[in-house]
Amino acid sequence: MKELIDELNKYAQEYYVLDNPSISDKEYDKIYDKLVSLEKETGVVIPYSPTQRVGDVVLSQFDKYTHKANLWSLDKAQSINELVEWDNRNKKAVEAYNAVHSDKLPSLKYILTKKFDGLTVNCTYNEKGVLVKAATRGTGIIGEDVTAQVKTIKSIPLMIDNNAVIEVHGEAIMTKEAFEAYNESANIPLKNLRNGAAGALRNLNAKETAKRNLSAFFYDVGYNEGSPFKNYIEMLNFIKEKGLPMDDYVKECTTMEEIQKEIEYVDSIRDELNYDIDGVVIAIDDTKTREMLGYTVKFPKWAIAFKFEAVEATTTLLEVEWNVGRSGRVSPTAILEPVDIGGVTVKRATLNNIDDIKRKGVRLGCRVFVRRSNDVIPEIMGIVEESLEGSKEINPPEVCPYCGSEIIREGVHYFCENTLSCKPQLVKSIVHFASREAMNIAGFSEKTAEQLFECLNIKAISDLYKMEKEKLLNLDRFGDKKAQNLIDALEKSKKCDLPSFIYALGIPNVGKKTATDLAKTFKNFDRLTKAKFEELVMIPDIGDTVAQCIVEFFEDEKINESIQELFKVGVEPYFEETEVVENNFNGKTVIVTGSLQKYSRSEIKEKLQQLGAKVSSSVSKKTDYVIVGENPGSKYDKAVQLGINIISEEEFEKMI
């Protein structure tokens with residue numbers, strides 16, 4: 001799961017931050033879905049998992065803007081059967097509601113719009129109808145302030161006829177005509193329309209943004225202090241009446257047959273459009289039904305995106321590169337003859353495992369079908385049969401490509417068993433051990449770990465604590481201060497809390513939350529090492545798979561020897577039992593909304609948990625308190641409606 005998360009976060013940074021993606025949306029979705037499946041199977045959710053968040057990081061060079069209401073991502077469907085299942089869930093929920101309520105919900109009606117492939121913008125108009133702020137989605141809660149850049153989009157009105165504060169969501173796009181005109185005179189031509197729009201809005205120089213002649217389509221009012229909308233059609237009409245640019249494709253459907261017909265129609269005109277789309281958005285029309293259905297952690301339950309099939313091309317598979325991960329897994333990567341797919345030059349593709357290679361009949365030197373959606377690295381779908389002549393079979397390496405040790409097969413994967421001196425394994429293990437949520441050894445990077453391995457012969461994690469400052473000074477870019485800082489950080493890390501130590505060991509499927517749960521249950525490390533499977537599965541959120549991983553980890557003789565070496569060099573994990581003193585928040589459910597001055601999100605959550613409170617993400621009748629900071633969102637509005645105790649940060653401080 002950690003490997004998947006690292007991979008997904010890397011791809012997310014490439015896509016959202018660098019505007020230079022390396023894999024397709026479909027390939028990302030496959031990895032994401034695999035992670036979701038593992039989280040359900042194991043009951044483990046690593047804190048920085050992309051499933052726990054919407055969207056990605058805010059660029060540091062832009063001012064941050066807290067949206068008045070969350071900008072949600074959309075759940076996806078890639079088959080009509082998935083849409084049918086979604087529709088059936090909606091129908092059952094409506095039937096269940098109507099069975100016990102006198103104010104009946106109407107029969108389901110869906111509104112279909114195109115899913116634009118650009119960059120989300122959230123425009124705020126004040127009570128005088130003036131455009132006062134424009135921001136990117138960012139994390140869905142906090143975005144990047146791109147007001148000056150958005151004002152260069154001539155189709156977006158700087159003032160509308162409206163007397164209430166609203167936030168309107170849209171998509172900034174680049175048309176094919178604007179794209180071609182820009183590239184005619186550009187020193188560095190753009191590769192595709194989406195990156196053209198995203199790069200323009202993220203350019204600090206608004207004059208450069210203006211050169212790209214962006215367009216936009218709006219489709220949602222996320223925050224509204226004026227009269228509420230009874231349904232989505234009323235909202236869309238409002239957007240159109242106010243002069244905000246809106247696409248002319250809006251269809252009402254009541255059956256799956258109608259929806260399927262519309263999806264096929266939009267797909268058929270996709271290539272004729274002068275801008276990019278990657279699917280169709282299907283949303284429930286009635287506002288009250290939407291409110292009844294509500295949200296998951298990440299998605300509204302009342303809307304879904306049907307994503308079109310990816311773009312496909314053929315190219316030649318030149319070679320297969322085998323790489324070693326922290327767990328010792330030896331994984332294949334396809335090296336391709338460069339091919340342009342939708343404006344992106346594709347050179348590499350991930351090959352899942354040897355069984356996948358054999359199943360698809362992939363061979364060295366043959367031509368392969370390569371598929372990608374929107375922007376990135378492909379999935380190899382199969383082979384061009386006519387190209388097999390002269391091709392060669394792909395065989396896994398007989399020894400580790402890095403250390404030359406024997407590799408073994410477990411299931412569909414190959415592993416290097418040399419955990420002690422295989423460079424990629426040890427380097428990645430050291431980096432994990434030293435990471436902030438683990439031993440928190442400041443000044444550690446993968447490059448530093450490689451230097452220690454190659455130059456100082458660090459072949460076990462315990463060797464870190466035996467390093468001498470004088471030897472560090474011989475390393476590249478290691479001056480006196482840097483060397484001393486690393487020695488000091490290592491010494492400081494010896495006194496570590498038990499959850500961090502457990503997490504640092506890299507037990508398969510054990511993230512920081514599970515490590516914390518284990519520490520609270522067993523209270524000392526020795527008891528944990530002797531824990532039986534039956535004891536482990538009794539801990540909430542620990543399933544059979546995780547329990548088995550923990551048992552097998554501590555049964556490994558080499559691992560136990562390595563841990564004892566850590567104790568010999570002075571590492572002393574401690575467990576601090578926290579006693580909750582009676583207070584106003586003990587046993588209460590608390591929500592936090594808006595930006596606080598004294599606490600960050602993680603700090604206020606930790607503080608509340610120390611007080612014995614349950615920190616929730618959604619407001620309900622069971623909520624006891626809502627702590628409100630600056631620019632609160634829809635949670636504040638709902639709390640007001642439900643009559644829940646609303647307190648400021650100052651009041652919170654006084655109460656504790």
# chains A, B, ... in the order shown; residues from 1 in each chain; ligands from 1

call {"tool": "residues_around", "arguments": {"residues": "segment 608-617 of chain A", "least_positions_apart": "4", "cutoff": "10 Å", "atoms": "only C-alpha atoms", "output": "PyMOL selection string"}}
result
chain A and resi 297+578-593+603-604+623-626+635+656

call {"tool": "closest_atom_pairs", "arguments": {"of": "segment 258-360 of chain A", "to": "segment 103-122 of chain A", "cutoff": "8 Å", "atoms": "only C-alpha atoms", "output": "CSV"}}
result
residue,atom,partner,partner_atom,distance
A:Ile259,CA,A:Leu112,CA,7.9
A:Val266,CA,A:Lys114,CA,7.8
A:Asp276,CA,A:Asp117,CA,5.4
A:Ile277,CA,A:Phe116,CA,4.4
A:Asp278,CA,A:Lys115,CA,5.9
A:Gly279,CA,A:Lys115,CA,4.9
A:Val280,CA,A:Lys114,CA,4.6
A:Val281,CA,A:Thr113,CA,5.3
A:Ile282,CA,A:Leu112,CA,4.7
A:Ala283,CA,A:Ile111,CA,5.3
A:Ile284,CA,A:Tyr110,CA,4.6
A:Asp285,CA,A:Tyr110,CA,5.5
A:Asp286,CA,A:Lys109,CA,7.4
A:Lys288,CA,A:Leu105,CA,7.3
A:Thr289,CA,A:Leu105,CA,6.4
A:Ala305,CA,A:Lys115,CA,7.3

call {"tool": "residues_around", "arguments": {"residues": "segment 337-339 of chain A", "least_positions_apart": "5", "cutoff": "9 Å", "atoms": "only C-alpha atoms", "output": "PDB file with C-alpha atoms, in the first residue's frame"}}
result
ATOM      1  CA  ALA A 313      -1.514   3.837 -30.361  1.00  0.00           C
ATOM      2  CA  THR A 314       1.028   1.201 -31.386  1.00  0.00           C
ATOM      3  CA  THR A 315       4.776   1.219 -30.839  1.00  0.00           C
ATOM      4  CA  THR A 316       7.683  -1.203 -30.446  1.00  0.00           C
ATOM      5  CA  LEU A 317       8.755  -2.727 -27.136  1.00  0.00           C
ATOM      6  CA  LEU A 318      12.536  -2.247 -27.107  1.00  0.00           C
ATOM      7  CA  VAL A 344       2.546  13.372 -24.918  1.00  0.00           C
ATOM      8  CA  THR A 345       5.699  11.464 -25.843  1.00  0.00           C
ATOM      9  CA  VAL A 346       5.468   8.047 -24.196  1.00  0.00           C
ATOM     10  CA  LYS A 347       8.681   6.070 -23.598  1.00  0.00           C
ATOM     11  CA  ARG A 348       7.907   3.789 -20.642  1.00  0.00           C
TER      12      ARG A 348
END

call {"tool": "atom_distance", "arguments": {"atom1": "atom CA of Ala531 of chain A", "atom2": "atom CA of Phe501 of chain A"}}
result
16.7 Å

call {"tool": "residues_around", "arguments": {"residues": "Thr136 of chain A", "least_positions_apart": "4", "cutoff": "10 Å", "atoms": "only C-alpha atoms", "output": "PyMOL selection string"}}
result
chain A and resi 58+64-65+67+71+119-123+140+142-147+150+169-172+198+201-202

call {"tool": "residues_around", "arguments": {"residues": "segment 598-601 of chain A", "least_positions_apart": "5", "cutoff": "10 Å", "atoms": "only C-alpha atoms", "output": "list of chain:residue names"}}
result
A:Val592, A:Thr593, A:Glu606, A:Lys607, A:Glu649, A:Glu650, A:Glu653

call {"tool": "residues_around", "arguments": {"residues": "Glu406 of chain A", "least_positions_apart": "6", "cutoff": "8 Å", "atoms": "only C-alpha atoms", "output": "list in words"}}
result
Glu398, Val399, Cys400, Cys416, Glu417 and Asn418 of chain A

call {"tool": "closest_residue", "arguments": {"among": "A:Val132, A:Ile502, A:Val36, A:Val45", "to": "Ile542 of chain A", "atoms": "only C-alpha atoms"}}
result
A:Val45

call {"tool": "atom_distance", "arguments": {"atom1": "atom CA of Asn323 of chain A", "atom2": "atom CA of Tyr402 of chain A"}}
result
8.3 Å

call {"tool": "residues_around", "arguments": {"residues": "Ile166 of chain A", "least_positions_apart": "2", "cutoff": "12 Å", "atoms": "only C-alpha atoms", "output": "ChimeraX atom specification"}}
result
/A:67-69,122-134,160-164,168-169,220-228,235,238-239,242

call {"tool": "write_last_selection", "arguments": {"atoms": "C-alpha atoms", "output": "mmCIF file, in the first residue's frame"}}
result
data_model
loop_
_atom_site.group_PDB
_atom_site.id
_atom_site.type_symbol
_atom_site.label_atom_id
_atom_site.label_comp_id
_atom_site.auth_asym_id
_atom_site.auth_seq_id
_atom_site.Cartn_x
_atom_site.Cartn_y
_atom_site.Cartn_z
ATOM 1 C CA HIS A 67 -13.048 28.038 -0.546
ATOM 2 C CA LYS A 68 -16.322 28.997 1.119
ATOM 3 C CA ALA A 69 -17.646 25.524 0.252
ATOM 4 C CA ASN A 122 -13.742 28.659 -8.551
ATOM 5 C CA CYS A 123 -14.918 32.261 -9.038
ATOM 6 C CA THR A 124 -16.267 34.287 -6.101
ATOM 7 C CA TYR A 125 -18.653 37.172 -6.786
ATOM 8 C CA ASN A 126 -19.511 39.475 -3.851
ATOM 9 C CA GLU A 127 -22.876 40.933 -2.832
ATOM 10 C CA LYS A 128 -22.452 43.657 -5.469
ATOM 11 C CA GLY A 129 -21.886 41.122 -8.228
ATOM 12 C CA VAL A 130 -18.170 41.913 -8.608
ATOM 13 C CA LEU A 131 -15.609 39.164 -9.309
ATOM 14 C CA VAL A 132 -13.407 39.418 -6.210
ATOM 15 C CA LYS A 133 -11.556 36.123 -6.220
ATOM 16 C CA ALA A 134 -10.706 33.234 -8.517
ATOM 17 C CA ILE A 160 -22.738 40.147 -12.886
ATOM 18 C CA ASP A 161 -26.233 41.263 -11.948
ATOM 19 C CA ASN A 162 -26.544 39.576 -8.560
ATOM 20 C CA ASN A 163 -26.839 40.823 -4.960
ATOM 21 C CA ALA A 164 -25.593 37.822 -2.968
ATOM 22 C CA VAL A 168 -19.267 29.449 -9.210
ATOM 23 C CA HIS A 169 -17.269 26.420 -10.364
ATOM 24 C CA ASP A 220 -22.093 24.658 -10.669
ATOM 25 C CA VAL A 221 -22.808 27.147 -7.880
ATOM 26 C CA GLY A 222 -20.998 25.636 -4.897
ATOM 27 C CA TYR A 223 -21.758 28.414 -2.412
ATOM 28 C CA ASN A 224 -24.798 30.699 -2.445
ATOM 29 C CA GLU A 225 -25.974 33.296 0.080
ATOM 30 C CA GLY A 226 -28.963 34.148 -2.136
ATOM 31 C CA SER A 227 -32.189 32.237 -2.766
ATOM 32 C CA PRO A 228 -31.543 28.486 -2.819
ATOM 33 C CA MET A 235 -29.003 26.525 -11.055
ATOM 34 C CA PHE A 238 -29.088 31.064 -13.203
ATOM 35 C CA ILE A 239 -25.489 30.618 -14.407
ATOM 36 C CA LYS A 242 -25.835 35.925 -15.254
#

call {"tool": "closest_residue", "arguments": {"among": "A:Glu561, A:Glu393, A:Asp267, A:Glu379", "to": "Val362 of chain A", "atoms": "only C-alpha atoms"}}
result
A:Glu393

call {"tool": "select_by_dssp", "arguments": {"residues": "segment 94-225 of chain A", "states": "strand (DSSP E or B)", "output": "PyMOL selection string"}}
result
chain A and resi 110-116+119-125+130-136+142-145+159+166-173+215-224
